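**Student:** Please find upload-v3.json (JSON, C-alpha atoms) on the next line:
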```
[["chain", "number", "residue", "atom", "x", "y", "z"],
["A", 1, "MET", "CA", -82.93, 13.98, 3.64],
["A", 2, "LEU", "CA", -81.03, 14.52, 6.90],
["A", 3, "SER", "CA", -80.16, 18.11, 7.80],
["A", 4, "ARG", "CA", -76.56, 19.23, 8.32],
["A", 5, "ALA", "CA", -77.28, 19.74, 12.02],
["A", 6, "VAL", "CA", -78.49, 16.14, 12.42],
["A", 7, "LEU", "CA", -75.48, 14.79, 10.52],
["A", 8, "PHE", "CA", -73.11, 16.88, 12.63],
["A", 9, "THR", "CA", -74.76, 15.62, 15.84],
["A", 10, "ALA", "CA", -74.53, 11.97, 14.70],
["A", 11, "ALA", "CA", -70.87, 12.38, 13.72],
["A", 12, "ALA", "CA", -70.09, 13.98, 17.07],
["A", 13, "ALA", "CA", -71.82, 11.11, 18.89],
["A", 14, "LEU", "CA", -69.82, 8.50, 16.96],
["A", 15, "ALA", "CA", -66.59, 10.35, 17.72],
["A", 16, "LEU", "CA", -67.51, 10.34, 21.41],
["A", 17, "VAL", "CA", -68.19, 6.58, 21.35],
["A", 18, "GLY", "CA", -64.80, 6.02, 19.70],
["A", 19, "ALA", "CA", -63.12, 8.14, 22.34],
["A", 20, "VAL", "CA", -64.80, 6.15, 25.11],
["A", 21, "ASP", "CA", -63.66, 2.83, 23.54],
["A", 22, "ILE", "CA", -60.07, 4.09, 23.33],
["A", 23, "ALA", "CA", -60.26, 5.32, 26.91],
["A", 24, "ASN", "CA", -61.54, 1.92, 28.11],
["A", 25, "ALA", "CA", -58.93, -0.04, 26.16],
["A", 26, "LYS", "CA", -55.80, -0.82, 28.18],
["A", 27, "ASP", "CA", -52.85, -3.16, 28.29],
["A", 28, "ALA", "CA", -52.98, -6.13, 30.65],
["A", 29, "LYS", "CA", -50.34, -6.03, 33.38],
["A", 30, "LYS", "CA", -51.59, -8.44, 36.04],
["A", 31, "ILE", "CA", -53.39, -11.73, 35.37],
["A", 32, "GLY", "CA", -54.83, -14.13, 37.92],
["A", 33, "LEU", "CA", -54.52, -17.85, 37.24],
["A", 34, "ALA", "CA", -56.87, -19.99, 39.34],
["A", 35, "VAL", "CA", -56.03, -23.68, 38.92],
["A", 36, "ALA", "CA", -58.21, -26.59, 40.03],
["A", 37, "ASN", "CA", -55.46, -28.83, 41.40],
["A", 38, "LEU", "CA", -51.73, -28.63, 40.75],
["A", 39, "GLN", "CA", -51.29, -32.25, 41.81],
["A", 40, "ALA", "CA", -52.63, -33.09, 38.35],
["A", 41, "ASP", "CA", -49.92, -33.07, 35.67],
["A", 42, "PHE", "CA", -52.35, -31.67, 33.09],
["A", 43, "PHE", "CA", -53.07, -28.56, 35.18],
["A", 44, "ASN", "CA", -49.38, -28.17, 36.00],
["A", 45, "GLN", "CA", -48.57, -28.09, 32.30],
["A", 46, "ILE", "CA", -51.16, -25.34, 31.77],
["A", 47, "LYS", "CA", -49.70, -23.38, 34.71],
["A", 48, "GLN", "CA", -46.15, -23.68, 33.42],
["A", 49, "SER", "CA", -47.18, -22.57, 29.95],
["A", 50, "VAL", "CA", -49.18, -19.55, 31.21],
["A", 51, "GLU", "CA", -46.37, -18.42, 33.51],
["A", 52, "ALA", "CA", -43.58, -18.88, 30.95],
["A", 53, "TYR", "CA", -45.48, -17.23, 28.11],
["A", 54, "GLY", "CA", -46.78, -14.47, 30.39],
["A", 55, "LYS", "CA", -43.19, -13.62, 31.28],
["A", 56, "THR", "CA", -42.40, -13.02, 27.60],
["A", 57, "LYS", "CA", -45.31, -10.54, 27.53],
["A", 58, "ASP", "CA", -44.08, -8.68, 30.66],
["A", 59, "LEU", "CA", -47.12, -9.82, 32.62],
["A", 60, "GLU", "CA", -47.37, -10.48, 36.33],
["A", 61, "ILE", "CA", -49.07, -13.88, 36.76],
["A", 62, "ILE", "CA", -50.55, -14.58, 40.19],
["A", 63, "THR", "CA", -51.27, -18.32, 40.51],
["A", 64, "VAL", "CA", -53.51, -19.94, 43.13],
["A", 65, "ASP", "CA", -54.16, -23.66, 43.61],
["A", 66, "ALA", "CA", -57.56, -24.80, 44.94],
["A", 67, "LYS", "CA", -56.24, -28.34, 45.58],
["A", 68, "GLY", "CA", -59.54, -29.71, 44.29],
["A", 69, "ASP", "CA", -61.76, -27.75, 46.69],
["A", 70, "ALA", "CA", -64.42, -25.50, 45.14],
["A", 71, "ALA", "CA", -65.01, -23.43, 48.29],
["A", 72, "THR", "CA", -61.28, -22.71, 48.57],
["A", 73, "GLN", "CA", -61.23, -21.63, 44.94],
["A", 74, "VAL", "CA", -64.11, -19.18, 45.40],
["A", 75, "SER", "CA", -62.20, -17.55, 48.26],
["A", 76, "GLN", "CA", -58.96, -17.50, 46.28],
["A", 77, "ILE", "CA", -60.58, -15.76, 43.33],
["A", 78, "GLN", "CA", -62.15, -13.16, 45.62],
["A", 79, "ASP", "CA", -58.61, -12.45, 46.85],
["A", 80, "LEU", "CA", -57.34, -12.18, 43.26],
["A", 81, "LEU", "CA", -60.07, -9.68, 42.40],
["A", 82, "ALA", "CA", -59.11, -7.65, 45.50],
["A", 83, "GLN", "CA", -55.58, -7.45, 44.05],
["A", 84, "ASN", "CA", -56.97, -5.66, 40.97],
["A", 85, "ILE", "CA", -56.11, -8.27, 38.39],
["A", 86, "ASP", "CA", -56.82, -7.24, 34.79],
["A", 87, "ALA", "CA", -58.06, -10.69, 33.71],
["A", 88, "LEU", "CA", -58.77, -14.12, 35.21],
["A", 89, "ILE", "CA", -57.67, -17.41, 33.69],
["A", 90, "TYR", "CA", -59.89, -19.92, 35.44],
["A", 91, "ILE", "CA", -59.89, -23.73, 35.64],
["A", 92, "PRO", "CA", -62.87, -24.62, 37.89],
["A", 93, "ALA", "CA", -62.17, -27.04, 40.74],
["A", 94, "GLY", "CA", -65.60, -28.65, 40.36],
["A", 95, "ALA", "CA", -68.96, -28.31, 38.70],
["A", 96, "THR", "CA", -71.03, -27.22, 41.72],
["A", 97, "ALA", "CA", -69.76, -23.72, 42.47],
["A", 98, "ALA", "CA", -68.03, -23.04, 39.15],
["A", 99, "SER", "CA", -70.30, -20.13, 38.21],
["A", 100, "VAL", "CA", -69.68, -18.11, 41.40],
["A", 101, "PRO", "CA", -66.17, -16.81, 40.50],
["A", 102, "VAL", "CA", -67.26, -15.98, 36.94],
["A", 103, "LYS", "CA", -70.14, -13.85, 38.19],
["A", 104, "ALA", "CA", -67.89, -12.13, 40.75],
["A", 105, "ALA", "CA", -65.25, -11.35, 38.12],
["A", 106, "LYS", "CA", -67.77, -10.00, 35.63],
["A", 107, "ALA", "CA", -69.33, -7.83, 38.35],
["A", 108, "ALA", "CA", -65.86, -6.38, 38.90],
["A", 109, "GLY", "CA", -65.38, -5.79, 35.16],
["A", 110, "VAL", "CA", -62.67, -8.45, 34.89],
["A", 111, "PRO", "CA", -62.74, -10.66, 31.77],
["A", 112, "VAL", "CA", -62.71, -14.43, 32.35],
["A", 113, "ILE", "CA", -60.89, -17.04, 30.29],
["A", 114, "ASN", "CA", -62.11, -20.53, 31.16],
["A", 115, "VAL", "CA", -59.67, -23.35, 30.42],
["A", 116, "ASP", "CA", -60.59, -27.06, 30.21],
["A", 117, "ARG", "CA", -63.82, -26.63, 32.20],
["A", 118, "ASN", "CA", -66.65, -24.22, 31.63],
["A", 119, "ALA", "CA", -69.07, -22.89, 34.23],
["A", 120, "GLU", "CA", -72.65, -24.10, 33.83],
["A", 121, "GLY", "CA", -74.99, -21.14, 33.39],
["A", 122, "ALA", "CA", -72.19, -18.56, 33.63],
["A", 123, "PRO", "CA", -69.58, -19.13, 30.91],
["A", 124, "GLY", "CA", -66.47, -16.99, 30.75],
["A", 125, "ASP", "CA", -65.75, -14.56, 27.94],
["A", 126, "THR", "CA", -64.02, -17.40, 26.12],
["A", 127, "PHE", "CA", -63.61, -21.14, 26.69],
["A", 128, "ILE", "CA", -60.34, -22.84, 25.71],
["A", 129, "ALA", "CA", -60.24, -26.62, 25.76],
["A", 130, "THR", "CA", -59.64, -29.77, 23.80],
["A", 131, "ASN", "CA", -62.55, -30.87, 21.66],
["A", 132, "SER", "CA", -63.21, -33.70, 24.11],
["A", 133, "VAL", "CA", -66.28, -35.02, 22.30],
["A", 134, "GLU", "CA", -64.40, -35.51, 19.04],
["A", 135, "SER", "CA", -61.23, -36.77, 20.74],
["A", 136, "ALA", "CA", -63.08, -39.33, 22.89],
["A", 137, "LYS", "CA", -65.00, -40.44, 19.81],
["A", 138, "ASN", "CA", -61.72, -41.06, 17.95],
["A", 139, "LEU", "CA", -60.29, -42.90, 20.95],
["A", 140, "CYS", "CA", -63.24, -45.23, 21.38],
["A", 141, "ASP", "CA", -63.41, -45.86, 17.64],
["A", 142, "TYR", "CA", -59.76, -46.95, 17.86],
["A", 143, "ILE", "CA", -60.67, -49.24, 20.78],
["A", 144, "GLY", "CA", -63.48, -50.74, 18.71],
["A", 145, "LYS", "CA", -61.18, -51.48, 15.81],
["A", 146, "GLN", "CA", -58.37, -52.89, 17.99],
["A", 147, "THR", "CA", -60.75, -55.31, 19.73],
["A", 148, "GLY", "CA", -62.56, -56.45, 16.61],
["A", 149, "GLY", "CA", -65.69, -54.68, 17.83],
["A", 150, "LYS", "CA", -66.27, -57.12, 20.69],
["A", 151, "GLY", "CA", -65.74, -57.25, 24.42],
["A", 152, "GLU", "CA", -66.85, -56.20, 27.86],
["A", 153, "MET", "CA", -65.80, -52.69, 28.86],
["A", 154, "LEU", "CA", -65.31, -50.77, 32.11],
["A", 155, "ILE", "CA", -65.30, -46.98, 32.29],
["A", 156, "ILE", "CA", -63.63, -45.07, 35.11],
["A", 157, "HIS", "CA", -65.15, -41.61, 34.79],
["A", 158, "GLY", "CA", -63.64, -38.31, 35.84],
["A", 159, "GLN", "CA", -65.34, -35.94, 38.27],
["A", 160, "LYS", "CA", -69.07, -36.14, 37.60],
["A", 161, "GLY", "CA", -70.64, -33.16, 35.86],
["A", 162, "THR", "CA", -67.41, -31.40, 34.89],
["A", 163, "THR", "CA", -67.09, -30.36, 31.24],
["A", 164, "PRO", "CA", -64.42, -32.95, 30.30],
["A", 165, "GLU", "CA", -66.26, -35.81, 32.04],
["A", 166, "VAL", "CA", -69.52, -34.99, 30.28],
["A", 167, "ASP", "CA", -67.93, -34.44, 26.86],
["A", 168, "ARG", "CA", -65.66, -37.50, 26.98],
["A", 169, "THR", "CA", -68.58, -39.70, 27.99],
["A", 170, "LYS", "CA", -70.64, -38.31, 25.13],
["A", 171, "GLY", "CA", -67.93, -38.78, 22.51],
["A", 172, "CYS", "CA", -67.17, -42.37, 23.48],
["A", 173, "ALA", "CA", -70.86, -43.28, 23.54],
["A", 174, "GLU", "CA", -71.23, -41.92, 20.01],
["A", 175, "ALA", "CA", -68.32, -44.07, 18.78],
["A", 176, "LEU", "CA", -69.57, -47.23, 20.50],
["A", 177, "GLN", "CA", -72.86, -47.03, 18.61],
["A", 178, "ALA", "CA", -70.91, -48.51, 15.68],
["A", 179, "TYR", "CA", -69.78, -51.44, 17.88],
["A", 180, "PRO", "CA", -72.91, -53.01, 19.39],
["A", 181, "ASP", "CA", -70.94, -56.06, 20.58],
["A", 182, "ILE", "CA", -68.85, -53.92, 22.94],
["A", 183, "LYS", "CA", -70.85, -53.86, 26.17],
["A", 184, "VAL", "CA", -70.17, -51.38, 28.96],
["A", 185, "VAL", "CA", -70.68, -53.69, 31.95],
["A", 186, "GLY", "CA", -69.48, -51.39, 34.73],
["A", 187, "GLU", "CA", -68.68, -47.73, 35.36],
["A", 188, "LEU", "CA", -67.79, -45.64, 38.39],
["A", 189, "TRP", "CA", -66.98, -41.95, 38.93],
["A", 190, "SER", "CA", -63.84, -40.59, 40.57],
["A", 191, "GLU", "CA", -63.83, -37.57, 42.87],
["A", 192, "GLY", "CA", -60.65, -36.00, 41.60],
["A", 193, "TRP", "CA", -59.28, -37.88, 38.57],
["A", 194, "HIS", "CA", -56.46, -39.39, 40.73],
["A", 195, "GLN", "CA", -54.39, -42.51, 40.07],
["A", 196, "ASP", "CA", -55.24, -44.09, 43.43],
["A", 197, "GLU", "CA", -58.92, -43.71, 42.56],
["A", 198, "GLY", "CA", -58.32, -45.42, 39.23],
["A", 199, "PHE", "CA", -56.71, -48.33, 41.05],
["A", 200, "LYS", "CA", -59.43, -48.70, 43.70],
["A", 201, "LEU", "CA", -62.41, -48.23, 41.36],
["A", 202, "THR", "CA", -60.97, -50.68, 38.82],
["A", 203, "GLN", "CA", -60.30, -53.25, 41.54],
["A", 204, "ASP", "CA", -63.91, -52.98, 42.69],
["A", 205, "LEU", "CA", -65.27, -53.38, 39.18],
["A", 206, "LEU", "CA", -62.97, -56.29, 38.26],
["A", 207, "GLN", "CA", -64.26, -58.30, 41.20],
["A", 208, "THR", "CA", -67.75, -58.39, 39.74],
["A", 209, "ASN", "CA", -66.70, -58.24, 36.07],
["A", 210, "PRO", "CA", -63.71, -60.60, 35.69],
["A", 211, "ASP", "CA", -64.20, -61.11, 31.95],
["A", 212, "VAL", "CA", -63.66, -57.51, 30.84],
["A", 213, "SER", "CA", -61.26, -56.95, 27.97],
["A", 214, "ILE", "CA", -61.36, -53.14, 27.81],
["A", 215, "ILE", "CA", -60.89, -50.49, 30.50],
["A", 216, "TRP", "CA", -61.09, -46.78, 29.77],
["A", 217, "GLY", "CA", -59.91, -44.30, 32.38],
["A", 218, "GLN", "CA", -61.13, -40.85, 31.36],
["A", 219, "ALA", "CA", -57.76, -39.37, 32.40],
["A", 220, "ASP", "CA", -54.28, -40.81, 32.15],
["A", 221, "ALA", "CA", -53.97, -40.91, 35.94],
["A", 222, "LEU", "CA", -57.11, -43.05, 36.12],
["A", 223, "ALA", "CA", -55.77, -45.26, 33.32],
["A", 224, "LEU", "CA", -52.46, -45.76, 35.13],
["A", 225, "GLY", "CA", -54.38, -46.77, 38.26],
["A", 226, "ALA", "CA", -56.47, -49.15, 36.17],
["A", 227, "ALA", "CA", -53.34, -50.69, 34.63],
["A", 228, "GLN", "CA", -51.95, -51.24, 38.12],
["A", 229, "ALA", "CA", -55.19, -52.96, 39.20],
["A", 230, "VAL", "CA", -55.05, -55.22, 36.13],
["A", 231, "LYS", "CA", -51.47, -56.19, 36.96],
["A", 232, "VAL", "CA", -52.45, -57.09, 40.52],
["A", 233, "ALA", "CA", -55.49, -59.08, 39.34],
["A", 234, "HIS", "CA", -53.43, -61.37, 37.03],
["A", 235, "PRO", "CA", -56.24, -61.94, 34.47],
["A", 236, "ASP", "CA", -55.99, -64.96, 32.19],
["A", 237, "HIS", "CA", -56.69, -62.83, 29.09],
["A", 238, "PRO", "CA", -55.37, -59.51, 27.69],
["A", 239, "ILE", "CA", -57.09, -56.27, 28.74],
["A", 240, "LEU", "CA", -56.72, -53.13, 26.64],
["A", 241, "VAL", "CA", -56.31, -50.06, 28.90],
["A", 242, "ALA", "CA", -56.96, -46.59, 27.48],
["A", 243, "GLY", "CA", -56.49, -43.13, 28.94],
["A", 244, "PHE", "CA", -56.95, -39.49, 27.97],
["A", 245, "ASP", "CA", -54.76, -36.36, 28.37],
["A", 246, "GLY", "CA", -51.19, -37.09, 27.31],
["A", 247, "ASP", "CA", -49.70, -36.41, 30.74],
["A", 248, "THR", "CA", -45.91, -36.34, 30.65],
["A", 249, "ALA", "CA", -45.42, -39.32, 33.00],
["A", 250, "ALA", "CA", -48.20, -41.26, 31.30],
["A", 251, "LEU", "CA", -46.61, -40.81, 27.88],
["A", 252, "VAL", "CA", -43.44, -42.45, 29.19],
["A", 253, "ALA", "CA", -45.55, -45.26, 30.66],
["A", 254, "LEU", "CA", -47.32, -45.69, 27.32],
["A", 255, "ARG", "CA", -43.97, -45.87, 25.55],
["A", 256, "ASP", "CA", -42.92, -48.55, 28.03],
["A", 257, "GLY", "CA", -46.06, -50.64, 27.51],
["A", 258, "VAL", "CA", -47.79, -49.96, 30.84],
["A", 259, "PHE", "CA", -51.05, -49.15, 29.03],
["A", 260, "ASP", "CA", -52.15, -49.04, 25.41],
["A", 261, "VAL", "CA", -53.55, -45.76, 24.10],
["A", 262, "THR", "CA", -54.37, -42.18, 25.02],
["A", 263, "VAL", "CA", -55.02, -38.85, 23.32],
["A", 264, "THR", "CA", -52.49, -36.06, 23.80],
["A", 265, "GLN", "CA", -53.87, -32.61, 24.49],
["A", 266, "GLN", "CA", -52.06, -29.41, 23.47],
["A", 267, "THR", "CA", -51.47, -28.07, 26.97],
["A", 268, "GLN", "CA", -48.64, -25.70, 26.04],
["A", 269, "LYS", "CA", -50.67, -24.20, 23.22],
["A", 270, "MET", "CA", -53.75, -23.80, 25.43],
["A", 271, "GLY", "CA", -51.72, -21.94, 28.04],
["A", 272, "ARG", "CA", -50.36, -19.51, 25.44],
["A", 273, "LEU", "CA", -53.81, -19.09, 23.92],
["A", 274, "ALA", "CA", -55.25, -18.25, 27.35],
["A", 275, "VAL", "CA", -52.67, -15.49, 27.83],
["A", 276, "ASP", "CA", -53.24, -14.08, 24.33],
["A", 277, "SER", "CA", -57.00, -14.13, 24.93],
["A", 278, "ALA", "CA", -56.57, -12.30, 28.25],
["A", 279, "ILE", "CA", -54.47, -9.60, 26.59],
["A", 280, "ALA", "CA", -57.02, -9.18, 23.78],
["A", 281, "LEU", "CA", -60.02, -9.02, 26.10],
["A", 282, "VAL", "CA", -58.40, -6.42, 28.34],
["A", 283, "LYS", "CA", -57.77, -4.32, 25.23],
["A", 284, "GLY", "CA", -61.46, -4.57, 24.41],
["A", 285, "GLU", "CA", -60.97, -6.83, 21.40],
["A", 286, "THR", "CA", -63.39, -9.57, 20.40],
["A", 287, "VAL", "CA", -62.41, -13.17, 21.19],
["A", 288, "PRO", "CA", -64.34, -16.29, 20.06],
["A", 289, "ALA", "CA", -66.71, -17.70, 22.70],
["A", 290, "GLU", "CA", -65.17, -21.16, 22.18],
["A", 291, "GLN", "CA", -61.65, -22.08, 21.14],
["A", 292, "LEU", "CA", -61.63, -25.88, 20.92],
["A", 293, "GLN", "CA", -58.36, -27.59, 20.05],
["A", 294, "PRO", "CA", -57.75, -31.00, 18.46],
["A", 295, "ALA", "CA", -55.92, -33.74, 20.38],
["A", 296, "THR", "CA", -53.78, -36.51, 18.87],
["A", 297, "LEU", "CA", -54.54, -40.21, 19.22],
["A", 298, "THR", "CA", -51.36, -41.56, 20.78],
["A", 299, "THR", "CA", -50.06, -45.13, 20.81],
["A", 300, "LYS", "CA", -46.64, -46.73, 21.12],
["A", 301, "ASP", "CA", -46.13, -45.97, 17.42],
["A", 302, "ASN", "CA", -46.18, -42.17, 17.72],
["A", 303, "VAL", "CA", -45.61, -41.44, 21.42],
["A", 304, "ALA", "CA", -41.88, -40.68, 21.15],
["A", 305, "GLN", "CA", -42.46, -37.24, 19.61],
["A", 306, "PHE", "CA", -44.64, -36.17, 22.56],
["A", 307, "VAL", "CA", -42.19, -37.56, 25.12],
["A", 308, "ALA", "CA", -39.49, -35.43, 23.46],
["A", 309, "GLU", "CA", -41.60, -32.26, 23.24],
["A", 310, "HIS", "CA", -45.11, -31.80, 24.57],
["A", 311, "PRO", "CA", -47.39, -29.77, 22.29]]
```
For the structure just supplied, provide its representation as structure tokens.
**Tutor:**
Amino acid sequence: MLSRAVLFTAAAALALVGAVDIANAKDAKKIGLAVANLQADFFNQIKQSVEAYGKTKDLEIITVDAKGDAATQVSQIQDLLAQNIDALIYIPAGATAASVPVKAAKAAGVPVINVDRNAEGAPGDTFIATNSVESAKNLCDYIGKQTGGKGEMLIIHGQKGTTPEVDRTKGCAEALQAYPDIKVVGELWSEGWHQDEGFKLTQDLLQTNPDVSIIWGQADALALGAAQAVKVAHPDHPILVAGFDGDTAALVALRDGVFDVTVTQQTQKMGRLAVDSAIALVKGETVPAEQLQPATLTTKDNVAQFVAEHP
């Protein structure tokens, strides 16, 4: 049986731990938002959501744009840490140096909220993204059904090695296992998920694969570029063009018949969730390691609701 002295000592120790936790807990006041590239509509939507929602929480949001350059982003985040931010919301500009800012932030005691892309080998305190594997699987299953399970397919990938590129590739491949008569006959990787890349890469692939009936751009910008390349090529057969993201301009283009299908991500919700997670982590609260969100398969039939109000 424990003596009174031992019990008193244990109780005192627990009280001290509680006091330390309370002392360490604080309210977030200043949050850094490091964005991969604000030329991309998807990242702009995240930025707008974080800034608007942060304002309702009386937070100062300091936003930096890497413009697609990983080295620039590393420097920008070092500057943010020097400004004594309380938390970092981080969308990596690429896969190569993605872990460097996370390690620097953690060394400074600053919690990290990764959005859309995680850092290989050095994940943030939480990762907020669309469940890209499941969403791409649903998309490519839809493609399989729409084409009767047959056809030649081109894939215009996003930036190689980034979380969304890897996960979207995986999800689509899983779906296509059920459609053995859909053959992926060509695929190329973009450097920055841009529309002009989608156009150029699709043009290159169509020259050697004129009989394709399916093109999937792993982002809406790539899909819009692909649709433009198809229009220029004047094929003698229909080609289904698919995207991914639910970008605001792309949703209007989908409504107008420029391409055929996408999946709409919840960018506004992810921005708010990133801010709430930052606030909780600064307070010392526990946040799930992954917070994956569903996306909605979007065609001409249901696109109007997302054009009117993006989720």
**Student:** Determine, counting all atoms listed in the file, which protein, DNA and RNA residues have an atom within 9 Å of an atom of Thr96 in chain A; residues of the same chain fewer than 2 positions away are not included. Present the result as a list of chain:residue names.
**Tutor:**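 Returned residues: A:Ala70, A:Ala93, A:Gly94, A:Ala98, A:Ser99, A:Ala119, A:Glu120, A:Gly161, A:Thr162.
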**Student:** Quick one: write out the picked residues with C-alpha atoms as a tab-separated table (two decimals), in the frame of the given file?
**Tutor:**
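Resulting contents of again_7.tsv:
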```
chain	number	residue	atom	x	y	z
A	70	ALA	CA	-64.42	-25.50	45.14
A	93	ALA	CA	-62.17	-27.04	40.74
A	94	GLY	CA	-65.60	-28.65	40.36
A	98	ALA	CA	-68.03	-23.04	39.15
A	99	SER	CA	-70.30	-20.13	38.21
A	119	ALA	CA	-69.07	-22.89	34.23
A	120	GLU	CA	-72.65	-24.10	33.83
A	161	GLY	CA	-70.64	-33.16	35.86
A	162	THR	CA	-67.41	-31.40	34.89
```
**Student:** Could you pull the residues within 12 Å of Arg255 in chain A, counting all atoms listed in the file, minus those fewer than 6 positions along the same chain, as a ChimeraX atom specification?
**Tutor:** /A:246,248-249,261-262,298-308
**Student:** Just want the 12 Å neighbourhood of Val166 in chain A, counted on only C-alpha atoms, with same-chain residues fewer than 3 positions away dropped. Output as a PyMOL selection string.
**Tutor:** chain A and resi 95+116-118+120+131-133+136+157-163+169-173+189+218
**Student:** Nearest to Pro311 in chain A among A:Gly124, A:Pro294, A:Gly243, A:Gly257, with distances taken over all atoms listed in the file: which residue is it?
**Tutor:**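 Of all the options, A:Pro294 lies closest to Pro311 in chain A.
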**Student:** List every protein, DNA or RNA residue that has an atom no more than 10 Å from (-64.3, -22.5, 48.1) in the file's coordinate frame, counting all atoms listed in the file, and report them as a VMD selection string.
**Tutor:** chain A and resid 66 68 to 78 93 to 94 97 to 98 100 to 101
**Student:** Any idea what's packed within 10 Å of Glu187 in chain A, counting all atoms listed in the file, ignoring anything in its chain fewer than 3 positions away? Could you give it as number ranges by chain?
**Tutor:** A: 153-157, 184, 201-202, 205, 215-217
**Student:** Find the residue from A:Lys145, A:Lys231, A:Lys29, A:Lys47 that sits nearest to Val64 in chain A; use all atoms listed in the file when measuring.
**Tutor:**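 Nearest candidate to Val64 in chain A out of A:Lys145, A:Lys231, A:Lys29, A:Lys47: A:Lys47.
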**Student:** Between A:Leu224, A:Tyr142, A:Pro210, A:Asp245, which has the minimum distance to Pro164 in chain A (counting all atoms listed in the file)?
**Tutor:**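 Smallest distance to Pro164 in chain A is found for A:Asp245.
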**Student:** So, counting only C-alpha atoms, which residue among A:Gly186, A:Gly192, A:Gly225, A:Gly151 is closest to Leu206 in chain A?
**Tutor:**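 The answer is A:Gly186, which sits nearest to Leu206 in chain A.
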**Student:** Residues near Ala28 in chain A, anyone? I mean within 10 Å using all atoms listed in the file, not counting same-chain ones fewer than 6 positions away, as a ChimeraX atom specification.
**Tutor:** /A:57-60,85-87,275,278-283
**Student:** Do you have the CA of Thr130 in chain A-CA of Leu292 in chain A distance handy?
**Tutor:**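 That distance, rounded to one decimal, is 5.2 Å.
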**Student:** As an exercise, work out the distance from CA of Glu197 in chain A to CA of Val258 in chain A in Å and give it to one decimal place.
**Tutor:**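 Interatomic distance here is 17.3 Å.
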**Student:** Hey, can I get the axis-aligned box for range 212-229 of chain A? All listed atoms, 8 Å padding on each side, centre and edge lengths in Å to one decimal, as JSON.
**Tutor:**
```
{"center_x": -57.8, "center_y": -48.4, "center_z": 33.5, "size_x": 27.7, "size_y": 34.1, "size_z": 27.4}
```
**Student:** Pick out the closest residue to Val112 in chain A from this set: A:Ser277, A:Gln177, A:Gln195, A:Gln39. Count all atoms listed in the file.
**Tutor:**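 Result for the nearest residue to Val112 in chain A: A:Ser277.
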**Student:** Any idea what the distance is between CA of Phe43 in chain A and CA of Pro123 in chain A?
**Tutor:**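 Separation of CA of Phe43 in chain A and CA of Pro123 in chain A: 19.5 Å.
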**Student:** Just checking: using all atoms listed in the file, which residue out of A:Ala229, A:Val241, A:Ala295, A:Ala178 ends up closest to Lys269 in chain A?
**Tutor:**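 Of the candidates, the smallest distance to Lys269 in chain A is held by A:Ala295.
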**Student:** Kindly reconstruct range 30-39 of chain A with N, CA, C and O atoms and present the result as a PDB file, in the frame of the given file.
**Tutor:**
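This went into part-v4.pdb:
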```
ATOM      1  N   LYS A  30     -51.507  -7.467  34.953  1.00  0.00           N
ATOM      2  CA  LYS A  30     -51.590  -8.440  36.040  1.00  0.00           C
ATOM      3  C   LYS A  30     -52.720  -9.417  35.751  1.00  0.00           C
ATOM      4  O   LYS A  30     -53.869  -9.011  35.586  1.00  0.00           O
ATOM      5  N   ILE A  31     -52.393 -10.704  35.679  1.00  0.00           N
ATOM      6  CA  ILE A  31     -53.390 -11.730  35.370  1.00  0.00           C
ATOM      7  C   ILE A  31     -53.438 -12.751  36.508  1.00  0.00           C
ATOM      8  O   ILE A  31     -52.398 -13.229  36.973  1.00  0.00           O
ATOM      9  N   GLY A  32     -54.642 -13.068  36.940  1.00  0.00           N
ATOM     10  CA  GLY A  32     -54.830 -14.130  37.920  1.00  0.00           C
ATOM     11  C   GLY A  32     -55.019 -15.464  37.237  1.00  0.00           C
ATOM     12  O   GLY A  32     -55.730 -15.549  36.227  1.00  0.00           O
ATOM     13  N   LEU A  33     -54.371 -16.484  37.756  1.00  0.00           N
ATOM     14  CA  LEU A  33     -54.520 -17.850  37.240  1.00  0.00           C
ATOM     15  C   LEU A  33     -55.006 -18.735  38.376  1.00  0.00           C
ATOM     16  O   LEU A  33     -54.268 -19.022  39.318  1.00  0.00           O
ATOM     17  N   ALA A  34     -56.270 -19.138  38.308  1.00  0.00           N
ATOM     18  CA  ALA A  34     -56.870 -19.990  39.340  1.00  0.00           C
ATOM     19  C   ALA A  34     -56.947 -21.408  38.808  1.00  0.00           C
ATOM     20  O   ALA A  34     -57.701 -21.689  37.863  1.00  0.00           O
ATOM     21  N   VAL A  35     -56.155 -22.299  39.413  1.00  0.00           N
ATOM     22  CA  VAL A  35     -56.030 -23.680  38.920  1.00  0.00           C
ATOM     23  C   VAL A  35     -56.780 -24.627  39.844  1.00  0.00           C
ATOM     24  O   VAL A  35     -56.780 -24.451  41.069  1.00  0.00           O
ATOM     25  N   ALA A  36     -57.407 -25.642  39.260  1.00  0.00           N
ATOM     26  CA  ALA A  36     -58.210 -26.590  40.030  1.00  0.00           C
ATOM     27  C   ALA A  36     -57.372 -27.383  41.020  1.00  0.00           C
ATOM     28  O   ALA A  36     -57.707 -27.491  42.198  1.00  0.00           O
ATOM     29  N   ASN A  37     -56.263 -27.956  40.531  1.00  0.00           N
ATOM     30  CA  ASN A  37     -55.460 -28.830  41.400  1.00  0.00           C
ATOM     31  C   ASN A  37     -54.100 -29.066  40.751  1.00  0.00           C
ATOM     32  O   ASN A  37     -54.001 -29.775  39.744  1.00  0.00           O
ATOM     33  N   LEU A  38     -53.059 -28.505  41.339  1.00  0.00           N
ATOM     34  CA  LEU A  38     -51.730 -28.630  40.750  1.00  0.00           C
ATOM     35  C   LEU A  38     -51.087 -29.987  40.986  1.00  0.00           C
ATOM     36  O   LEU A  38     -49.989 -30.250  40.491  1.00  0.00           O
ATOM     37  N   GLN A  39     -51.774 -30.876  41.705  1.00  0.00           N
ATOM     38  CA  GLN A  39     -51.290 -32.250  41.810  1.00  0.00           C
ATOM     39  C   GLN A  39     -51.482 -32.986  40.487  1.00  0.00           C
ATOM     40  O   GLN A  39     -50.810 -33.991  40.236  1.00  0.00           O
TER      41      GLN A  39
END
```
